[in-house]
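Have a look at the structure below, then the notes.
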Amino acid sequence: MNYISVVVDDNLLSILPTMLKSVVKNCHNFEANIGYYGIDLNRLIDAIPEGMKYTLIKLPDSNMVYNKLKMIYDNKWNIGDKIFSLDLDTVVQGDIFKVFDGTFDFGYTTRFYPYWAPINEGVWCLDYSEKSAKFLKYFFDQVTKPTWEPFINFSKKFGHNSEGKSWFSNQDFLCSQYLFGIDTFCRMKDIGWQYNFCPTVEEADPRTYEIAKECIIESIGSKNIKILHFKGRLKNIMEEYCG
């Protein structure tokens, strides 16, 4: 079975319909696992496209990035299930599940430009098996309580909390695995920036917003780009251009 996994709080509820409608439009025979925190349940249900299969999962606290990973780790998957972890500020432009071709167990997405974090954690995917389940456990365990030195050192290098469960922990771990890890658990694959087109917006440099805005608007409707990622302030235009 095909699944997407997303988390939402009251701050992001307004873009949930746009995001989910884009998946419904382009993907077939999938279910959505939706983790939520601090939202009126009726408002949440009203935001979900009619007819879409979904499961609602109440999150224990507002640590949304950590809970996104924990929700996937805690779920009882079946061998052969295909799972996409997606940030809510993404728009799907093609059948993303076609990426599963039997050549990998865990898929990540590198950026199309040089950056301190070569991987953006907003999109990753899993072809569930004994091997990928083992890697998922290691991923979750390390983000919960880090012991792997390359991961700890990478987090410290950029001034992030190296004790786990932080906003950057998931991404820091995947970047560390990409830069320093050995594929001892399962077959890892970079599925490409086309599955996470995320032009960066740096708050310290206002010019980056206009450049990123132009870049992402030009990419709307591109058959080559499967997922648009409206990072930072770009999420404010997501409904206007893709809703």
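A note on labels: chains of the structure tokens are A, B, ... as shown, every chain counts residues from 1, and ligands are counted from 1 in their shown order.
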
(request) Once DSSP has gone over the backbone, tell me which residues of range 84-160 of chain A are in strand (DSSP E or B), as a list of chain:residue names. (result)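 The strand (DSSP E or B) residues within range 84-160 of chain A come out as A:Phe84, A:Ser85, A:Leu86, A:Thr90, A:Val91, A:Val92, A:Phe106, A:Gly107, A:Tyr108, A:Thr110, A:Ile119, A:Val123, A:Trp124, A:Cys125, A:Leu126, A:Asp127.
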
(request) For CA of Cys27 in chain A and CA of Tyr138 in chain A, quote the distance in Å rounded to one decimal. (result) 29.6 Å

(request) Name all residues at most 10 Å from range 127-137 of chain A (count only C-alpha atoms; drop same-chain ones fewer than 3 positions away) and give them as a VMD selection string. (result) chain A and resid 2 69 to 70 72 to 74 77 to 84 100 to 107 140 to 143 183 to 188

I'd like a table as a tab-separated table: residues in range 51-87 of chain A with an atom no more than 8 Å from range 156-173 of chain A, each row giving the shortest atom pair and its distance in Å to one decimal, only C-alpha atoms counted, sorted by chain and rising residue number.
```
residue	atom	partner	partner_atom	distance
A:Asn63	CA	A:Trp167	CA	7.8
A:Val65	CA	A:Trp167	CA	6.0
A:Tyr66	CA	A:Lys165	CA	5.6
A:Leu69	CA	A:Asn170	CA	7.7
```

Close residues, Thr55 in chain A itself excluded, 8 Å, only C-alpha atoms, min 6 positions apart in chain, as a tab-separated table (two decimals) with N, CA and C atoms, in the first residue's frame:
```tsv
chain	number	residue	atom	x	y	z
A	31	GLU	N	-3.05	6.25	1.03
A	31	GLU	CA	-3.68	6.70	2.26
A	31	GLU	C	-2.77	7.71	2.93
A	32	ALA	N	-3.35	8.63	3.69
A	32	ALA	CA	-2.59	9.65	4.39
A	32	ALA	C	-2.65	9.43	5.89
A	33	ASN	N	-1.50	9.40	6.52
A	33	ASN	CA	-1.42	9.43	7.98
A	33	ASN	C	-1.15	10.88	8.38
A	34	ILE	N	-2.07	11.48	9.11
A	34	ILE	CA	-1.99	12.90	9.44
A	34	ILE	C	-1.85	13.05	10.96
```

Pick out each residue of range 86-194 of chain A that DSSP on the backbone tags as helix (DSSP H, G or I); I need them as a PDB file with N, CA and C atoms, in the first residue's frame.
```pdb
ATOM      1  N   ILE A  96       4.333  10.443  -7.296  1.00  0.00           N
ATOM      2  CA  ILE A  96       5.610  10.270  -6.606  1.00  0.00           C
ATOM      3  C   ILE A  96       5.923   8.813  -6.303  1.00  0.00           C
ATOM      4  N   PHE A  97       4.916   7.970  -6.251  1.00  0.00           N
ATOM      5  CA  PHE A  97       5.150   6.572  -5.890  1.00  0.00           C
ATOM      6  C   PHE A  97       5.801   5.771  -7.018  1.00  0.00           C
ATOM      7  N   LYS A  98       5.867   6.353  -8.208  1.00  0.00           N
ATOM      8  CA  LYS A  98       6.564   5.698  -9.315  1.00  0.00           C
ATOM      9  C   LYS A  98       8.063   5.634  -9.084  1.00  0.00           C
ATOM     10  N   VAL A  99       8.563   6.413  -8.103  1.00  0.00           N
ATOM     11  CA  VAL A  99      10.001   6.391  -7.820  1.00  0.00           C
ATOM     12  C   VAL A  99      10.439   5.044  -7.254  1.00  0.00           C
ATOM     13  N   GLU A 130      12.522  -5.576   6.115  1.00  0.00           N
ATOM     14  CA  GLU A 130      13.294  -5.813   7.328  1.00  0.00           C
ATOM     15  C   GLU A 130      14.523  -4.907   7.369  1.00  0.00           C
ATOM     16  N   LYS A 131      15.149  -4.691   6.206  1.00  0.00           N
ATOM     17  CA  LYS A 131      16.348  -3.853   6.148  1.00  0.00           C
ATOM     18  C   LYS A 131      16.017  -2.392   6.397  1.00  0.00           C
ATOM     19  N   SER A 132      14.985  -1.892   5.744  1.00  0.00           N
ATOM     20  CA  SER A 132      14.647  -0.481   5.931  1.00  0.00           C
ATOM     21  C   SER A 132      14.097  -0.228   7.331  1.00  0.00           C
ATOM     22  N   ALA A 133      13.422  -1.221   7.909  1.00  0.00           N
ATOM     23  CA  ALA A 133      12.936  -1.088   9.288  1.00  0.00           C
ATOM     24  C   ALA A 133      14.108  -0.980  10.260  1.00  0.00           C
ATOM     25  N   LYS A 134      15.172  -1.692   9.979  1.00  0.00           N
ATOM     26  CA  LYS A 134      16.367  -1.620  10.822  1.00  0.00           C
ATOM     27  C   LYS A 134      16.994  -0.237  10.747  1.00  0.00           C
ATOM     28  N   PHE A 135      17.053   0.324   9.530  1.00  0.00           N
ATOM     29  CA  PHE A 135      17.597   1.674   9.389  1.00  0.00           C
ATOM     30  C   PHE A 135      16.683   2.698  10.052  1.00  0.00           C
ATOM     31  N   LEU A 136      15.373   2.542   9.888  1.00  0.00           N
ATOM     32  CA  LEU A 136      14.420   3.460  10.507  1.00  0.00           C
ATOM     33  C   LEU A 136      14.588   3.466  12.024  1.00  0.00           C
ATOM     34  N   LYS A 137      14.808   2.304  12.605  1.00  0.00           N
ATOM     35  CA  LYS A 137      15.035   2.226  14.055  1.00  0.00           C
ATOM     36  C   LYS A 137      16.310   2.971  14.452  1.00  0.00           C
ATOM     37  N   TYR A 138      17.367   2.781  13.664  1.00  0.00           N
ATOM     38  CA  TYR A 138      18.622   3.471  13.963  1.00  0.00           C
ATOM     39  C   TYR A 138      18.445   4.982  13.826  1.00  0.00           C
ATOM     40  N   PHE A 139      17.760   5.411  12.799  1.00  0.00           N
ATOM     41  CA  PHE A 139      17.433   6.820  12.572  1.00  0.00           C
ATOM     42  C   PHE A 139      16.696   7.386  13.789  1.00  0.00           C
ATOM     43  N   PHE A 140      15.638   6.710  14.197  1.00  0.00           N
ATOM     44  CA  PHE A 140      14.832   7.181  15.322  1.00  0.00           C
ATOM     45  C   PHE A 140      15.623   7.170  16.629  1.00  0.00           C
ATOM     46  N   ASP A 141      16.354   6.107  16.882  1.00  0.00           N
ATOM     47  CA  ASP A 141      17.130   6.006  18.117  1.00  0.00           C
ATOM     48  C   ASP A 141      18.177   7.113  18.207  1.00  0.00           C
ATOM     49  N   GLN A 142      18.840   7.409  17.088  1.00  0.00           N
ATOM     50  CA  GLN A 142      19.878   8.432  17.098  1.00  0.00           C
ATOM     51  C   GLN A 142      19.287   9.831  17.291  1.00  0.00           C
ATOM     52  N   VAL A 143      18.174  10.104  16.639  1.00  0.00           N
ATOM     53  CA  VAL A 143      17.541  11.406  16.791  1.00  0.00           C
ATOM     54  C   VAL A 143      16.993  11.578  18.210  1.00  0.00           C
ATOM     55  N   THR A 144      16.593  10.473  18.829  1.00  0.00           N
ATOM     56  CA  THR A 144      16.071  10.519  20.199  1.00  0.00           C
ATOM     57  C   THR A 144      17.189  10.709  21.218  1.00  0.00           C
ATOM     58  N   GLU A 149      29.082   9.561  16.658  1.00  0.00           N
ATOM     59  CA  GLU A 149      29.931  10.742  16.724  1.00  0.00           C
ATOM     60  C   GLU A 149      29.818  11.657  15.500  1.00  0.00           C
ATOM     61  N   PRO A 150      29.806  11.138  14.275  1.00  0.00           N
ATOM     62  CA  PRO A 150      29.675  12.048  13.119  1.00  0.00           C
ATOM     63  C   PRO A 150      28.398  12.890  13.162  1.00  0.00           C
ATOM     64  N   PHE A 151      27.321  12.308  13.621  1.00  0.00           N
ATOM     65  CA  PHE A 151      26.046  13.028  13.760  1.00  0.00           C
ATOM     66  C   PHE A 151      26.152  14.093  14.847  1.00  0.00           C
ATOM     67  N   ILE A 152      26.695  13.731  15.983  1.00  0.00           N
ATOM     68  CA  ILE A 152      26.846  14.685  17.091  1.00  0.00           C
ATOM     69  C   ILE A 152      27.740  15.850  16.669  1.00  0.00           C
ATOM     70  N   ASN A 153      28.843  15.529  16.001  1.00  0.00           N
ATOM     71  CA  ASN A 153      29.791  16.568  15.596  1.00  0.00           C
ATOM     72  C   ASN A 153      29.203  17.473  14.522  1.00  0.00           C
ATOM     73  N   PHE A 154      28.428  16.899  13.614  1.00  0.00           N
ATOM     74  CA  PHE A 154      27.792  17.713  12.569  1.00  0.00           C
ATOM     75  C   PHE A 154      26.819  18.702  13.193  1.00  0.00           C
ATOM     76  N   SER A 155      26.026  18.242  14.151  1.00  0.00           N
ATOM     77  CA  SER A 155      25.070  19.125  14.827  1.00  0.00           C
ATOM     78  C   SER A 155      25.797  20.246  15.573  1.00  0.00           C
ATOM     79  N   LYS A 156      26.858  19.898  16.265  1.00  0.00           N
ATOM     80  CA  LYS A 156      27.627  20.893  17.018  1.00  0.00           C
ATOM     81  C   LYS A 156      28.261  21.913  16.085  1.00  0.00           C
ATOM     82  N   LYS A 157      28.735  21.456  14.932  1.00  0.00           N
ATOM     83  CA  LYS A 157      29.415  22.334  13.980  1.00  0.00           C
ATOM     84  C   LYS A 157      28.547  23.517  13.578  1.00  0.00           C
ATOM     85  N   SER A 169      17.407  17.974  14.159  1.00  0.00           N
ATOM     86  CA  SER A 169      17.969  16.637  14.397  1.00  0.00           C
ATOM     87  C   SER A 169      17.760  15.680  13.233  1.00  0.00           C
ATOM     88  N   ASN A 170      16.541  15.616  12.694  1.00  0.00           N
ATOM     89  CA  ASN A 170      16.276  14.689  11.590  1.00  0.00           C
ATOM     90  C   ASN A 170      17.179  14.993  10.395  1.00  0.00           C
ATOM     91  N   GLN A 171      17.244  16.274  10.035  1.00  0.00           N
ATOM     92  CA  GLN A 171      18.041  16.672   8.876  1.00  0.00           C
ATOM     93  C   GLN A 171      19.533  16.480   9.140  1.00  0.00           C
ATOM     94  N   ASP A 172      19.981  16.834  10.328  1.00  0.00           N
ATOM     95  CA  ASP A 172      21.396  16.659  10.658  1.00  0.00           C
ATOM     96  C   ASP A 172      21.800  15.187  10.574  1.00  0.00           C
ATOM     97  N   PHE A 173      20.915  14.301  11.022  1.00  0.00           N
ATOM     98  CA  PHE A 173      21.231  12.878  10.954  1.00  0.00           C
ATOM     99  C   PHE A 173      21.358  12.421   9.503  1.00  0.00           C
ATOM    100  N   LEU A 174      20.390  12.793   8.660  1.00  0.00           N
ATOM    101  CA  LEU A 174      20.429  12.360   7.260  1.00  0.00           C
ATOM    102  C   LEU A 174      21.635  12.947   6.536  1.00  0.00           C
ATOM    103  N   CYS A 175      21.979  14.188   6.852  1.00  0.00           N
ATOM    104  CA  CYS A 175      23.175  14.787   6.252  1.00  0.00           C
ATOM    105  C   CYS A 175      24.427  14.028   6.693  1.00  0.00           C
ATOM    106  N   SER A 176      24.489  13.654   7.949  1.00  0.00           N
ATOM    107  CA  SER A 176      25.639  12.907   8.467  1.00  0.00           C
ATOM    108  C   SER A 176      25.734  11.543   7.815  1.00  0.00           C
ATOM    109  N   GLN A 177      24.589  10.892   7.656  1.00  0.00           N
ATOM    110  CA  GLN A 177      24.573   9.595   6.988  1.00  0.00           C
ATOM    111  C   GLN A 177      25.046   9.726   5.545  1.00  0.00           C
ATOM    112  N   TYR A 178      24.620  10.784   4.892  1.00  0.00           N
ATOM    113  CA  TYR A 178      25.007  11.036   3.498  1.00  0.00           C
ATOM    114  C   TYR A 178      26.506  11.327   3.377  1.00  0.00           C
ATOM    115  N   LEU A 179      27.029  12.117   4.316  1.00  0.00           N
ATOM    116  CA  LEU A 179      28.429  12.545   4.232  1.00  0.00           C
ATOM    117  C   LEU A 179      29.407  11.520   4.797  1.00  0.00           C
ATOM    118  N   PHE A 180      28.993  10.803   5.861  1.00  0.00           N
ATOM    119  CA  PHE A 180      29.942   9.974   6.590  1.00  0.00           C
ATOM    120  C   PHE A 180      29.511   8.520   6.752  1.00  0.00           C
ATOM    121  N   TRP A 193      16.762  16.015  -6.520  1.00  0.00           N
ATOM    122  CA  TRP A 193      16.125  17.280  -6.140  1.00  0.00           C
ATOM    123  C   TRP A 193      14.769  17.458  -6.798  1.00  0.00           C
ATOM    124  N   GLN A 194      14.508  16.692  -7.873  1.00  0.00           N
ATOM    125  CA  GLN A 194      13.193  16.788  -8.522  1.00  0.00           C
ATOM    126  C   GLN A 194      12.069  16.362  -7.588  1.00  0.00           C
TER     127      GLN A 194
END
```

(message) Can you tell me which residues surround Gly221 in chain A at a distance of at most 10 Å, considering only C-alpha atoms, apart from same-chain residues fewer than 4 positions away, and format the answer as a ChimeraX atom specification?
(response) /A:92-94,217,225-226,228,242

(request) Determine, counting only C-alpha atoms, which protein, DNA and RNA residues have an atom within 7 Å of an atom of Cys198 in chain A; residues of the same chain fewer than 5 positions away are not included. Present the result as a list in words. (result)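 The residues that qualify are Leu228, His229, Phe230 and Lys231 of chain A.
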
Writer output for current selection, N, CA and C atoms, as a PDB file, in the first residue's frame:
```
ATOM      1  N   LEU A 228       7.276  20.361  -5.285  1.00  0.00           N
ATOM      2  CA  LEU A 228       7.716  21.713  -4.980  1.00  0.00           C
ATOM      3  C   LEU A 228       7.697  21.906  -3.467  1.00  0.00           C
ATOM      4  N   HIS A 229       8.718  22.572  -2.943  1.00  0.00           N
ATOM      5  CA  HIS A 229       8.812  22.785  -1.500  1.00  0.00           C
ATOM      6  C   HIS A 229       8.860  24.285  -1.239  1.00  0.00           C
ATOM      7  N   PHE A 230       7.779  24.815  -0.693  1.00  0.00           N
ATOM      8  CA  PHE A 230       7.640  26.242  -0.444  1.00  0.00           C
ATOM      9  C   PHE A 230       8.208  26.587   0.934  1.00  0.00           C
ATOM     10  N   LYS A 231       9.541  26.605   1.003  1.00  0.00           N
ATOM     11  CA  LYS A 231      10.210  26.806   2.288  1.00  0.00           C
ATOM     12  C   LYS A 231      10.051  28.233   2.803  1.00  0.00           C
TER      13      LYS A 231
END
```

(request) Using CA of Thr200 in chain A and CA of Ala212 in chain A as the two end points, give the distance in Å to one decimal. (result)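 Rounded to one decimal, the two atoms are 6.3 Å apart.
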
(request) Mind giving me the straight-line distance from CA of Tyr3 in chain A to CA of Lys25 in chain A in Å, one decimal? (result) 14.7 Å

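Restricting the calculation to only C-alpha atoms, the smallest distance between Leu41 in chain A and any of A:Lys58, A:Lys76, A:Lys68, A:Lys145 is found for A:Lys58.
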
(message) Applying 10 Å and only C-alpha atoms, which residues near Asn196 in chain A remain after dropping the ones on its own chain fewer than 3 positions away? List them as a ChimeraX atom specification.
(response) /A:86-87,90-92,108-112,119-124,191-193,199,225-230

(message) Let me make sure I understand: among A:Lys21, A:Lys189, A:Lys213, A:Arg43, which one has the smallest atom-to-atom distance to Leu126 in chain A if we use only C-alpha atoms?
(response)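 Selected residue with least distance to Leu126 in chain A: A:Lys189.
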